[in-house]
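Novice: Okay, so here is start-v2.pdb, and as you'll see once you scroll down, it has PDB, C-alpha atoms.
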```pdb
ATOM      1  CA  MET A 254     -21.749  -1.891  18.505
ATOM      2  CA  THR A 255     -22.564  -2.403  14.832
ATOM      3  CA  CYS A 256     -23.739   0.170  12.338
ATOM      4  CA  GLN A 257     -27.348   1.228  12.823
ATOM      5  CA  PRO A 258     -29.451   3.151  10.301
ATOM      6  CA  GLY A 259     -28.694   6.834  10.630
ATOM      7  CA  ALA A 260     -25.433   6.183  12.518
ATOM      8  CA  GLY A 261     -23.362   8.017   9.934
ATOM      9  CA  LEU A 262     -20.002   6.709   8.775
ATOM     10  CA  CYS A 263     -19.315   3.108   9.791
ATOM     11  CA  LEU A 264     -16.038   1.344   9.144
ATOM     12  CA  SER A 265     -14.495  -2.114   9.173
ATOM     13  CA  VAL A 266     -11.545  -2.650  11.457
ATOM     14  CA  CYS A 267      -8.206  -2.999   9.635
ATOM     15  CA  ASP A 268      -7.467  -6.525   8.418
ATOM     16  CA  VAL A 269      -4.216  -6.609   6.464
ATOM     17  CA  ARG A 270      -4.767 -10.221   5.456
ATOM     18  CA  ALA A 271      -8.052  -9.327   3.750
ATOM     19  CA  CYS A 272      -6.947  -6.186   1.905
ATOM     20  CA  GLU A 273      -3.263  -7.022   1.290
ATOM     21  CA  ALA A 274      -2.231  -3.744   2.960
ATOM     22  CA  ARG A 275      -3.452  -1.747   0.004
ATOM     23  CA  CYS A 276      -3.313   1.451   2.109
ATOM     24  CA  CYS A 277       0.486   1.036   1.909
ATOM     25  CA  TYR A 278       0.602   0.900  -1.887
ATOM     26  CA  ASP A 279       2.279   4.313  -2.234
ATOM     27  CA  GLY A 280       4.376   4.340   0.929
ATOM     28  CA  VAL A 281       3.612   7.198   3.287
ATOM     29  CA  TYR A 282       4.377  10.901   3.369
ATOM     30  CA  LEU A 283       6.317  11.845   6.470
ATOM     31  CA  GLN A 284       5.614  14.508   9.057
ATOM     32  CA  PRO A 285       8.370  16.882  10.242
ATOM     33  CA  GLY A 286      11.026  14.938  12.157
ATOM     34  CA  GLU A 287       9.885  11.502  10.993
ATOM     35  CA  GLU A 288      12.550  11.154   8.291
ATOM     36  CA  ARG A 289      15.245  11.723  10.906
ATOM     37  CA  ASP A 290      13.552   9.309  13.321
ATOM     38  CA  LEU A 291      13.323   6.558  10.697
ATOM     39  CA  THR A 292      16.882   7.119   9.492
ATOM     40  CA  ASP A 293      18.190   6.911  13.069
ATOM     41  CA  LEU A 294      16.116   3.795  13.778
ATOM     42  CA  VAL A 295      17.323   2.013  10.650
ATOM     43  CA  ALA A 296      20.944   2.901  11.524
ATOM     44  CA  ARG A 297      20.471   1.339  15.003
ATOM     45  CA  GLU A 298      18.714  -1.800  13.764
ATOM     46  CA  PRO A 299      20.841  -3.815  11.318
ATOM     47  CA  ALA A 300      18.164  -6.509  10.871
ATOM     48  CA  LEU A 301      15.695  -3.848   9.747
ATOM     49  CA  ARG A 302      18.293  -2.218   7.498
ATOM     50  CA  GLU A 303      18.934  -5.541   5.725
ATOM     51  CA  ARG A 304      15.291  -5.652   4.555
ATOM     52  CA  LEU A 305      15.380  -2.187   2.997
ATOM     53  CA  PRO A 306      16.744  -0.762  -0.246
ATOM     54  CA  PRO A 307      19.567   1.806   0.045
ATOM     55  CA  GLU A 308      17.062   4.631  -0.498
ATOM     56  CA  PHE A 309      14.160   3.883   1.821
ATOM     57  CA  ILE A 310      12.991   7.513   1.987
ATOM     58  CA  VAL A 311      12.495   9.412  -1.265
ATOM     59  CA  ASP A 312      10.975  12.562  -2.699
ATOM     60  CA  GLY A 313       7.234  12.122  -3.213
ATOM     61  CA  TYR A 314       5.331  13.732  -6.044
ATOM     62  CA  TRP A 315       1.598  14.278  -6.282
ATOM     63  CA  ASP A 316      -0.061  15.375  -9.488
ATOM     64  CA  GLY A 317       3.378  16.258 -10.895
ATOM     65  CA  GLU A 318       4.459  18.440  -7.960
ATOM     66  CA  LEU A 319       6.883  17.693  -5.144
ATOM     67  CA  LEU A 320       4.711  17.062  -2.094
ATOM     68  CA  GLY A 321       7.369  16.030   0.401
ATOM     69  CA  ARG A 322       9.461  13.140   1.629
ATOM     70  CA  LYS A 323       7.944   9.672   1.855
ATOM     71  CA  THR A 324       8.841   6.061   2.334
ATOM     72  CA  ALA A 325       9.953   4.328  -0.842
ATOM     73  CA  THR A 326       7.987   1.516  -2.440
ATOM     74  CA  ARG A 327       8.826  -1.728  -4.181
ATOM     75  CA  PRO A 328       6.833  -3.662  -6.774
ATOM     76  CA  HIS A 329       4.078  -5.872  -5.384
ATOM     77  CA  ALA A 330       1.593  -8.148  -7.149
ATOM     78  CA  TYR A 331      -1.792  -7.660  -5.485
ATOM     79  CA  ARG A 332      -4.085 -10.642  -6.007
ATOM     80  CA  SER A 333      -7.412  -9.140  -4.966
ATOM     81  CA  PRO A 334      -9.824  -8.746  -7.892
ATOM     82  CA  ASP A 335     -11.147  -5.492  -6.394
ATOM     83  CA  PHE A 336      -7.716  -3.834  -6.152
ATOM     84  CA  PRO A 337      -8.260  -0.248  -7.369
ATOM     85  CA  ALA A 338      -7.159   0.190 -10.978
ATOM     86  CA  HIS A 339      -5.738   3.646 -10.234
ATOM     87  CA  PHE A 340      -3.428   2.347  -7.456
ATOM     88  CA  ALA A 341       0.108   1.368  -8.489
ATOM     89  CA  HIS A 342       1.153  -2.233  -7.907
ATOM     90  CA  THR A 343       3.704  -1.232  -5.298
ATOM     91  CA  ARG A 344       3.932  -1.412  -1.511
ATOM     92  CA  CYS A 345       5.861   0.483   1.173
ATOM     93  CA  VAL A 346       9.388  -0.874   1.696
ATOM     94  CA  PHE A 347       8.660  -1.208   5.422
ATOM     95  CA  ALA A 348       5.943  -3.819   4.752
ATOM     96  CA  ASP A 349       6.832  -7.504   4.898
ATOM     97  CA  THR A 350       5.697  -9.936   2.206
ATOM     98  CA  ALA A 351       2.292 -10.381   3.893
ATOM     99  CA  GLY A 352       1.811  -6.605   4.262
ATOM    100  CA  PHE A 353       2.579  -6.352   7.978
ATOM    101  CA  CYS A 354       4.667  -3.351   9.012
ATOM    102  CA  GLU A 355       8.259  -4.113   9.994
ATOM    103  CA  LEU A 356       8.266  -0.960  12.141
ATOM    104  CA  GLN A 357       5.261  -2.190  14.110
ATOM    105  CA  LYS A 358       6.753  -5.677  14.462
ATOM    106  CA  LEU A 359      10.012  -4.172  15.768
ATOM    107  CA  ALA A 360       8.222  -1.997  18.320
ATOM    108  CA  LEU A 361       6.254  -4.990  19.615
ATOM    109  CA  ALA A 362       9.423  -7.112  19.832
ATOM    110  CA  GLN A 363      10.990  -4.354  21.943
ATOM    111  CA  GLY A 364       7.986  -4.151  24.283
ATOM    112  CA  LEU A 365       6.895  -0.739  22.983
ATOM    113  CA  HIS A 366       3.521   0.497  21.805
ATOM    114  CA  PRO A 367       2.919  -1.067  18.366
ATOM    115  CA  TRP A 368       2.926   2.338  16.688
ATOM    116  CA  ALA A 369       5.979   3.755  18.476
ATOM    117  CA  TYR A 370       8.046   3.755  15.252
ATOM    118  CA  LYS A 371       5.309   4.079  12.627
ATOM    119  CA  PRO A 372       4.859   7.362  10.779
ATOM    120  CA  THR A 373       1.831   9.299  12.030
ATOM    121  CA  THR A 374      -0.092   9.074   8.779
ATOM    122  CA  CYS A 375       0.207   5.252   8.876
ATOM    123  CA  TRP A 376      -1.144   4.566  12.326
ATOM    124  CA  MET A 377      -3.846   7.223  12.062
ATOM    125  CA  PHE A 378      -5.363   6.100   8.773
ATOM    126  CA  PRO A 379      -8.223   6.631   8.044
ATOM    127  CA  LEU A 380      -8.710   8.909  11.076
ATOM    128  CA  GLN A 381      -8.275  12.634  10.492
ATOM    129  CA  ASP A 382      -7.200  15.141  13.097
ATOM    130  CA  ASP A 383      -7.867  18.764  13.796
ATOM    131  CA  ASP A 384      -4.853  20.005  15.791
ATOM    132  CA  GLY A 385      -4.645  16.787  17.792
ATOM    133  CA  VAL A 386      -8.398  16.337  18.164
ATOM    134  CA  PRO A 387      -9.870  13.251  16.450
ATOM    135  CA  ALA A 388     -11.945  14.118  13.400
ATOM    136  CA  ALA A 389     -14.134  11.926  11.225
ATOM    137  CA  PRO A 390     -12.533  10.147   8.295
ATOM    138  CA  VAL A 391     -13.413  11.127   4.754
ATOM    139  CA  SER A 392     -16.936   9.775   4.335
ATOM    140  CA  SER A 393     -17.355   9.870   0.556
ATOM    141  CA  PRO A 394     -15.274  10.190  -2.600
ATOM    142  CA  ASP A 395     -16.536  13.787  -2.909
ATOM    143  CA  GLU A 396     -14.703  14.690   0.326
ATOM    144  CA  ASP A 397     -11.432  12.967  -0.604
ATOM    145  CA  PRO A 398      -8.721  15.647  -0.731
ATOM    146  CA  TYR A 399      -6.662  13.494  -3.110
ATOM    147  CA  ALA A 400      -9.358  13.018  -5.735
ATOM    148  CA  THR A 401      -8.583  14.608  -9.095
ATOM    149  CA  ASP A 402      -9.844  14.195 -12.637
ATOM    150  CA  ARG A 403      -7.218  11.476 -13.170
ATOM    151  CA  TYR A 404      -7.212   9.950  -9.672
ATOM    152  CA  PRO A 405     -10.617   9.145  -8.157
ATOM    153  CA  GLY A 406      -9.370   9.117  -4.582
ATOM    154  CA  TYR A 407      -7.687   7.146  -1.851
ATOM    155  CA  ALA A 408      -9.515   6.599   1.460
ATOM    156  CA  ASN A 409     -12.740   5.323  -0.059
ATOM    157  CA  PHE A 410     -10.835   2.766  -2.126
ATOM    158  CA  VAL A 411      -9.455   0.786   0.802
ATOM    159  CA  PRO A 412     -11.710  -1.472   2.888
ATOM    160  CA  CYS A 413     -11.017   0.213   6.232
ATOM    161  CA  GLY A 414     -11.535   3.694   4.794
ATOM    162  CA  ARG A 415     -14.934   3.377   3.148
ATOM    163  CA  HIS A 416     -18.381   3.135   4.659
ATOM    164  CA  ASP A 417     -19.330  -0.416   5.638
ATOM    165  CA  ALA A 418     -22.962  -0.994   6.635
ATOM    166  CA  GLN A 419     -21.773  -4.107   8.538
ATOM    167  CA  GLY A 420     -19.038  -2.157  10.319
ATOM    168  CA  LYS A 421     -18.931  -0.099  13.487
ATOM    169  CA  PRO A 422     -19.479   3.639  13.935
ATOM    170  CA  TRP A 423     -16.159   5.265  13.064
ATOM    171  CA  ARG A 424     -15.352   6.282  16.663
ATOM    172  CA  ASP A 425     -15.757   2.653  17.768
ATOM    173  CA  ALA A 426     -13.850   1.196  14.815
ATOM    174  CA  LEU A 427     -10.971   3.644  15.355
ATOM    175  CA  GLN A 428     -10.921   3.685  19.166
ATOM    176  CA  GLN A 429      -7.252   2.594  19.310
ATOM    177  CA  GLU A 430      -6.193   5.297  16.864
ATOM    178  CA  ILE A 431      -8.203   7.910  18.770
ATOM    179  CA  ALA A 432      -6.657   6.896  22.096
ATOM    180  CA  TYR A 433      -3.139   7.015  20.646
ATOM    181  CA  LEU A 434      -3.758  10.394  18.992
ATOM    182  CA  GLU A 435      -4.993  11.787  22.309
ATOM    183  CA  LEU A 436      -1.919  10.355  24.072
ATOM    184  CA  GLN A 437       0.404  11.870  21.460
ATOM    185  CA  SER A 438      -1.366  15.236  21.775
ATOM    186  CA  ARG A 439      -0.968  15.229  25.574
ATOM    187  CA  GLU A 440       2.709  14.302  25.263
ATOM    188  CA  ALA A 441       3.309  17.062  22.705
ATOM    189  CA  LYS A 442       1.834  19.646  25.073
ATOM    190  CA  LYS A 443       4.271  18.558  27.804
ATOM    191  CA  THR A 444       7.312  18.903  25.543
ATOM    192  CA  PRO A 445       8.815  22.398  25.457
ATOM    193  CA  PRO A 446       9.251  23.874  21.940
TER
END
```
Take the structure in the file and give it back as structure tokens.
Specialist:
Amino acid sequence: MTCQPGAGLCLSVCDVRACEARCCYDGVYLQPGEERDLTDLVAREPALRERLPPEFIVDGYWDGELLGRKTATRPHAYRSPDFPAHFAHTRCVFADTAGFCELQKLALAQGLHPWAYKPTTCWMFPLQDDDGVPAAPVSSPDEDPYATDRYPGYANFVPCGRHDAQGKPWRDALQQEIAYLELQSREAKKTPP
């Protein structure tokens, strides 16, 4: 189904080759437990470890304040003329030279779900969640929680996060993310605290 007038937010499906993985420009902030999971995974997988700098998880700052732990970045020269001027020319250390995620490639090679090793914020983007229930992505720069006077925003500056009149309604465009979020929510309810 394509976007129809009055359909609300419509999105393009992720295409790393087209956008150069610009959503990965700042690495990703990690949820509780994900730093340990990534550290353990890297320790078990020497081929993955070889591709990473010694510090692959670092403190992340937002607007001058410590926000949490995140994946490190390395310099990257984006070639796209519409690359947002307020985005740094860096990319997550877990991305390969083409922008594909090494964590996703490893999971696939091991016969796992592609997002088995990816941090939650990565595989969910641009989907939002409300306690495990899928919620609409940010639909305009005015709604972007990261927009400040000096930083005009994030989600609406990447192709898969901004409205696309040629795209699909957001629930259709993000059906894989929604299904995985629902699976993760069911699994979390089965796990004792």
Novice: Carefully work through the PyMOL selection byres ((chain A and resi 396-410) around 9) for this structure and note down the residues it includes, as a PyMOL selection string.
Specialist: chain A and resi 275-276+315-316+336-337+339-340+378-379+390-395+411-416
Novice: Using all atoms listed in the file, can you tell me which of A:Arg332, A:Tyr433, A:Thr343, A:Gly313 comes closest to A:Pro367?
Specialist: A:Tyr433
Novice: Please report the interatomic distance between atom CA of A:Phe347 and atom CA of A:Pro387 in Å with one decimal.
Specialist: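 Atom-to-atom, atom CA of A:Phe347 to atom CA of A:Pro387, that is 26.0 Å.
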Novice: Leaving out stretch 300-308 of chain A and any residue of its chain fewer than 4 positions from it, which residues lie within 8 Å of it when counting all atoms listed in the file, given as a ChimeraX atom specification?
Specialist: /A:295-296,325,346-347,355
Novice: Provide the atom CA of A:Asp425 to atom CA of A:Cys354 distance in Å, to one decimal place.
Specialist: 23.0 Å
Novice: Quick one: 3 Å padding each side, axis-aligned, all listed atoms of stretch 427-441 of chain A - centre and edge lengths in Å to one decimal, as AutoDock Vina command-line options?
Specialist:
```
--center_x -3.8 --center_y 9.8 --center_z 20.5 --size_x 20.3 --size_y 20.5 --size_z 16.2
```
Novice: Would you pick out the contacts of A:Pro422 at 10 Å or less, using all atoms listed in the file, so that residues sharing its chain but fewer than 5 positions from it are not included, and give the list as a JSON list (two decimals) with C-alpha atoms, keeping the file's coordinate frame?
Specialist:
```json
[["chain", "number", "residue", "atom", "x", "y", "z"],
["A", 254, "MET", "CA", -21.75, -1.89, 18.50],
["A", 255, "THR", "CA", -22.56, -2.40, 14.83],
["A", 256, "CYS", "CA", -23.74, 0.17, 12.34],
["A", 257, "GLN", "CA", -27.35, 1.23, 12.82],
["A", 260, "ALA", "CA", -25.43, 6.18, 12.52],
["A", 261, "GLY", "CA", -23.36, 8.02, 9.93],
["A", 262, "LEU", "CA", -20.00, 6.71, 8.78],
["A", 263, "CYS", "CA", -19.32, 3.11, 9.79],
["A", 264, "LEU", "CA", -16.04, 1.34, 9.14],
["A", 265, "SER", "CA", -14.50, -2.11, 9.17],
["A", 416, "HIS", "CA", -18.38, 3.14, 4.66],
["A", 417, "ASP", "CA", -19.33, -0.42, 5.64],
["A", 427, "LEU", "CA", -10.97, 3.64, 15.36]]
```
